[in-house]
Amino acid sequence: MQWGHIGWSIPALFGYALARPKRRIIVMIGDGALQVTAQEISQMVRHRLPIIIVPMNNKGYTIEAEIHAGEYNRIYNWNYVLLVQAFNFSDTGGRALGLKADTVEEFSEAIELAQAHMDGPSIERDDCSKELITWGHYVAAANNRSGMTIET
């Protein structure tokens with residue numbers, strides 16, 4: 001179930017980070033999955049956990065779109081840098097770092113900054129692997145969704 005766990009990774013990341021607060025953890029997550037449980041990031045800020053979250057932003061629940069079509073699988077795009085700033089806005093003085101990268105060079109720079117930041121989490125288009133598409137078609141077929149064919 002490589003892609004069948006939407007909304008699971010951020011809470012799991014939080015729990016693991018609480019158990020291992022000195023360990024540097026990096027998670028790559030789809031923007032749809034992140035939006036399901038983004039509120040957990042406020043707790044990461046509160047506990048100043050040194051986590052790096054890299055949202056792969058394709059503006060949707062991509063695995064869901066591969067299983068069944070529907071406009072509801074396209075989600076509103078968030079400004080993730082501002083989201084981190086919103087979580088920082090607290091009387092506890094949150095120190096999370098929000099970074100944006102659109103190019104490989106910017107991504108490299110952002111990762112360096114994020115790795116140096118140890119006082120809270122750091123958050124850094126149709127991005128979809130062939131394997132994800134194939135898996136989605138198999139799940140759709142298993143769910144008996146009409147109009148879907150299995151292509152490999």
# chains A, B, ... in the order shown; residues from 1 in each chain; ligands from 1

$ residues_around --residues "Arg20 (chain A)" --least-positions-apart "4" --cutoff "12 Å" --atoms "only C-alpha atoms" --output "PyMOL selection string"
chain A and resi 13-16+24-25+47+49-51

$ write_last_selection --atoms "C-alpha atoms" --output "PDB file, in the first residue's frame"
ATOM      1  CA  LEU A  13       6.368  11.598  11.649  1.00  0.00           C
ATOM      2  CA  PHE A  14       5.291  13.624  14.671  1.00  0.00           C
ATOM      3  CA  GLY A  15       5.100  10.557  16.908  1.00  0.00           C
ATOM      4  CA  TYR A  16       8.480   9.283  15.742  1.00  0.00           C
ATOM      5  CA  ARG A  24      17.000  14.631  12.059  1.00  0.00           C
ATOM      6  CA  ILE A  25      13.986  13.382  10.094  1.00  0.00           C
ATOM      7  CA  HIS A  47       8.017  21.036  20.562  1.00  0.00           C
ATOM      8  CA  LEU A  49      11.342  19.258  16.562  1.00  0.00           C
ATOM      9  CA  PRO A  50      14.087  19.409  13.898  1.00  0.00           C
ATOM     10  CA  ILE A  51      12.034  17.924  11.058  1.00  0.00           C
TER      11      ILE A  51
END

$ select_by_dssp --residues "region 35-93 of chain A" --states "helix (DSSP H, G or I)" --output "number ranges by chain"
A: 35-36, 40-46, 62-67, 71-73, 80-88

$ write_last_selection --atoms "N, CA, C and O atoms" --output "compact mmCIF listing (two decimals), in the first residue's frame"
# COMPACT_ATOMS: atom_id res chain seq x y z
N GLN A 35 -2.22 18.28 3.43
CA GLN A 35 -3.39 19.08 3.81
C GLN A 35 -4.37 18.31 4.69
O GLN A 35 -5.12 18.91 5.44
N VAL A 36 -4.33 16.98 4.65
CA VAL A 36 -5.23 16.18 5.48
C VAL A 36 -4.91 16.36 6.96
O VAL A 36 -5.81 16.40 7.79
N GLU A 40 -0.92 19.04 12.58
CA GLU A 40 0.11 18.42 13.42
C GLU A 40 1.42 19.21 13.38
O GLU A 40 2.22 19.12 14.32
N ILE A 41 1.62 19.98 12.32
CA ILE A 41 2.85 20.77 12.21
C ILE A 41 2.92 21.80 13.34
O ILE A 41 3.99 22.09 13.85
N SER A 42 1.76 22.29 13.77
CA SER A 42 1.78 23.26 14.89
C SER A 42 2.35 22.63 16.14
O SER A 42 3.03 23.30 16.94
N GLN A 43 2.11 21.34 16.35
CA GLN A 43 2.69 20.66 17.50
C GLN A 43 4.20 20.45 17.33
O GLN A 43 4.96 20.50 18.30
N MET A 44 4.63 20.23 16.09
CA MET A 44 6.07 20.11 15.82
C MET A 44 6.77 21.42 16.12
O MET A 44 7.87 21.44 16.67
N VAL A 45 6.10 22.53 15.78
CA VAL A 45 6.64 23.86 16.09
C VAL A 45 6.71 24.04 17.61
O VAL A 45 7.73 24.47 18.15
N ARG A 46 5.64 23.70 18.28
CA ARG A 46 5.57 23.84 19.74
C ARG A 46 6.69 23.07 20.43
O ARG A 46 7.30 23.57 21.38
N THR A 62 -3.44 13.13 -5.82
CA THR A 62 -3.06 12.46 -7.06
C THR A 62 -3.41 10.99 -7.05
O THR A 62 -3.93 10.47 -8.04
N ILE A 63 -3.15 10.28 -5.96
CA ILE A 63 -3.49 8.86 -5.95
C ILE A 63 -5.00 8.67 -6.07
O ILE A 63 -5.47 7.78 -6.76
N GLU A 64 -5.75 9.53 -5.44
CA GLU A 64 -7.20 9.44 -5.56
C GLU A 64 -7.65 9.68 -7.00
O GLU A 64 -8.56 9.01 -7.50
N ALA A 65 -7.01 10.63 -7.68
CA ALA A 65 -7.35 10.91 -9.07
C ALA A 65 -7.02 9.73 -9.97
O ALA A 65 -7.69 9.51 -10.99
N GLU A 66 -5.99 8.97 -9.62
CA GLU A 66 -5.64 7.80 -10.40
C GLU A 66 -6.60 6.64 -10.17
O GLU A 66 -6.74 5.77 -11.01
N ILE A 67 -7.25 6.62 -9.02
CA ILE A 67 -8.21 5.56 -8.71
C ILE A 67 -9.57 5.89 -9.30
O ILE A 67 -10.22 5.04 -9.89
N GLU A 71 -13.44 16.18 -10.04
CA GLU A 71 -12.88 17.50 -9.75
C GLU A 71 -12.54 17.65 -8.27
O GLU A 71 -11.66 18.41 -7.90
N TYR A 72 -13.22 16.91 -7.42
CA TYR A 72 -12.97 16.97 -5.98
C TYR A 72 -11.56 16.51 -5.62
O TYR A 72 -11.12 16.73 -4.50
N ASN A 73 -10.86 15.86 -6.53
CA ASN A 73 -9.48 15.44 -6.26
C ASN A 73 -8.46 16.54 -6.57
O ASN A 73 -7.27 16.36 -6.33
N TYR A 80 2.60 27.24 1.49
CA TYR A 80 3.14 26.49 2.61
C TYR A 80 4.13 27.31 3.44
O TYR A 80 4.26 27.07 4.65
N VAL A 81 4.78 28.28 2.84
CA VAL A 81 5.67 29.17 3.60
C VAL A 81 4.84 29.99 4.58
O VAL A 81 5.20 30.11 5.76
N LEU A 82 3.73 30.54 4.13
CA LEU A 82 2.86 31.30 5.02
C LEU A 82 2.20 30.41 6.07
O LEU A 82 1.96 30.86 7.20
N LEU A 83 1.93 29.16 5.72
CA LEU A 83 1.37 28.23 6.69
C LEU A 83 2.31 28.07 7.88
O LEU A 83 1.89 28.11 9.03
N VAL A 84 3.59 27.91 7.60
CA VAL A 84 4.58 27.77 8.67
C VAL A 84 4.61 29.04 9.50
O VAL A 84 4.68 28.99 10.74
N GLN A 85 4.53 30.19 8.86
CA GLN A 85 4.53 31.45 9.61
C GLN A 85 3.30 31.53 10.50
O GLN A 85 3.38 32.03 11.63
N ALA A 86 2.17 31.02 10.02
CA ALA A 86 0.96 31.02 10.84
C ALA A 86 1.15 30.16 12.09
O ALA A 86 0.74 30.53 13.19
N PHE A 87 1.80 29.01 11.94
CA PHE A 87 2.07 28.15 13.09
C PHE A 87 3.09 28.77 14.04
O PHE A 87 3.09 28.49 15.23
N ASN A 88 3.97 29.61 13.51
CA ASN A 88 4.94 30.31 14.36
C ASN A 88 4.28 31.40 15.19
O ASN A 88 4.81 31.80 16.21

$ select_by_dssp --residues "region 35-77 of chain A" --states "strand (DSSP E)" --output "compact mmCIF listing (two decimals) with C-alpha atoms, in the first residue's frame"
# COMPACT_ATOMS: atom_id res chain seq x y z
CA ILE A 51 12.03 17.92 11.06
CA ILE A 52 12.28 18.67 7.35
CA ILE A 53 9.00 18.35 5.43
CA VAL A 54 9.19 18.45 1.64
CA PRO A 55 5.72 18.75 0.05
CA MET A 56 5.56 17.52 -3.54

$ residues_around --residues "region 106-108 of chain A" --least-positions-apart "3" --cutoff "12 Å" --atoms "only C-alpha atoms" --output "PyMOL selection string"
chain A and resi 54-56+99-103+111-115+123-124

$ write_last_selection --atoms "N, CA, C and O atoms" --output "PDB file, in the first residue's frame"
ATOM      1  N   VAL A  54       9.086  18.037   3.036  1.00  0.00           N
ATOM      2  CA  VAL A  54       9.188  18.449   1.639  1.00  0.00           C
ATOM      3  C   VAL A  54       7.879  18.083   0.932  1.00  0.00           C
ATOM      4  O   VAL A  54       7.677  16.929   0.556  1.00  0.00           O
ATOM      5  N   PRO A  55       6.955  19.053   0.776  1.00  0.00           N
ATOM      6  CA  PRO A  55       5.724  18.752   0.051  1.00  0.00           C
ATOM      7  C   PRO A  55       5.979  18.692  -1.458  1.00  0.00           C
ATOM      8  O   PRO A  55       6.612  19.576  -2.013  1.00  0.00           O
ATOM      9  N   MET A  56       5.516  17.643  -2.087  1.00  0.00           N
ATOM     10  CA  MET A  56       5.558  17.524  -3.540  1.00  0.00           C
ATOM     11  C   MET A  56       4.227  18.078  -4.033  1.00  0.00           C
ATOM     12  O   MET A  56       3.194  17.416  -3.927  1.00  0.00           O
ATOM     13  N   LEU A  99      10.422  27.533   3.600  1.00  0.00           N
ATOM     14  CA  LEU A  99      11.252  27.815   2.432  1.00  0.00           C
ATOM     15  C   LEU A  99      10.503  27.394   1.167  1.00  0.00           C
ATOM     16  O   LEU A  99       9.719  26.452   1.205  1.00  0.00           O
ATOM     17  N   LYS A 100      10.797  28.067   0.071  1.00  0.00           N
ATOM     18  CA  LYS A 100      10.167  27.727  -1.201  1.00  0.00           C
ATOM     19  C   LYS A 100      11.260  27.498  -2.223  1.00  0.00           C
ATOM     20  O   LYS A 100      12.221  28.253  -2.297  1.00  0.00           O
ATOM     21  N   ALA A 101      11.095  26.445  -3.017  1.00  0.00           N
ATOM     22  CA  ALA A 101      12.078  26.128  -4.051  1.00  0.00           C
ATOM     23  C   ALA A 101      11.357  25.736  -5.328  1.00  0.00           C
ATOM     24  O   ALA A 101      10.501  24.854  -5.307  1.00  0.00           O
ATOM     25  N   ASP A 102      11.700  26.395  -6.418  1.00  0.00           N
ATOM     26  CA  ASP A 102      11.101  26.083  -7.712  1.00  0.00           C
ATOM     27  C   ASP A 102      12.092  25.457  -8.686  1.00  0.00           C
ATOM     28  O   ASP A 102      11.689  24.949  -9.718  1.00  0.00           O
ATOM     29  N   THR A 103      13.371  25.529  -8.372  1.00  0.00           N
ATOM     30  CA  THR A 103      14.395  24.974  -9.253  1.00  0.00           C
ATOM     31  C   THR A 103      15.282  24.017  -8.450  1.00  0.00           C
ATOM     32  O   THR A 103      15.257  24.015  -7.224  1.00  0.00           O
ATOM     33  N   ILE A 111      17.497  22.940   1.157  1.00  0.00           N
ATOM     34  CA  ILE A 111      17.851  21.776   1.978  1.00  0.00           C
ATOM     35  C   ILE A 111      19.026  22.113   2.895  1.00  0.00           C
ATOM     36  O   ILE A 111      19.028  21.741   4.080  1.00  0.00           O
ATOM     37  N   GLU A 112      20.008  22.847   2.383  1.00  0.00           N
ATOM     38  CA  GLU A 112      21.141  23.250   3.234  1.00  0.00           C
ATOM     39  C   GLU A 112      20.666  24.114   4.399  1.00  0.00           C
ATOM     40  O   GLU A 112      21.089  23.913   5.545  1.00  0.00           O
ATOM     41  N   LEU A 113      19.794  25.085   4.105  1.00  0.00           N
ATOM     42  CA  LEU A 113      19.259  25.938   5.173  1.00  0.00           C
ATOM     43  C   LEU A 113      18.441  25.121   6.169  1.00  0.00           C
ATOM     44  O   LEU A 113      18.557  25.316   7.382  1.00  0.00           O
ATOM     45  N   ALA A 114      17.630  24.215   5.661  1.00  0.00           N
ATOM     46  CA  ALA A 114      16.783  23.395   6.524  1.00  0.00           C
ATOM     47  C   ALA A 114      17.626  22.484   7.415  1.00  0.00           C
ATOM     48  O   ALA A 114      17.316  22.311   8.593  1.00  0.00           O
ATOM     49  N   GLN A 115      18.687  21.912   6.864  1.00  0.00           N
ATOM     50  CA  GLN A 115      19.544  21.032   7.664  1.00  0.00           C
ATOM     51  C   GLN A 115      20.257  21.798   8.772  1.00  0.00           C
ATOM     52  O   GLN A 115      20.503  21.249   9.844  1.00  0.00           O
ATOM     53  N   ILE A 123       9.822  23.491   6.321  1.00  0.00           N
ATOM     54  CA  ILE A 123       8.972  22.995   5.247  1.00  0.00           C
ATOM     55  C   ILE A 123       9.502  23.551   3.912  1.00  0.00           C
ATOM     56  O   ILE A 123       9.638  24.737   3.745  1.00  0.00           O
ATOM     57  N   GLU A 124       9.840  22.839   3.099  1.00  0.00           N
ATOM     58  CA  GLU A 124      10.414  23.203   1.768  1.00  0.00           C
ATOM     59  C   GLU A 124       9.323  23.200   0.668  1.00  0.00           C
ATOM     60  O   GLU A 124       8.569  22.480   0.617  1.00  0.00           O
TER      61      GLU A 124
END

$ closest_residue --among "A:Gly98, A:Ala12, A:Gly60, A:Met28" --to "Asn79 (chain A)" --atoms "only C-alpha atoms"
A:Gly98

$ residues_around --residues "Ile75 (chain A)" --least-positions-apart "6" --cutoff "9 Å" --atoms "only C-alpha atoms" --output "ChimeraX atom specification"
/A:31-32,59-61

$ atom_distance --atom1 "CA of Gly120 (chain A)" --atom2 "CA of Arg95 (chain A)"
5.7 Å

$ atom_distance --atom1 "CA of Ala19 (chain A)" --atom2 "CA of Ile6 (chain A)"
22.3 Å

$ closest_residue --among "A:Gly30, A:Gly93, A:Pro121, A:Pro21" --to "Asn77 (chain A)" --atoms "only C-alpha atoms"
A:Gly30
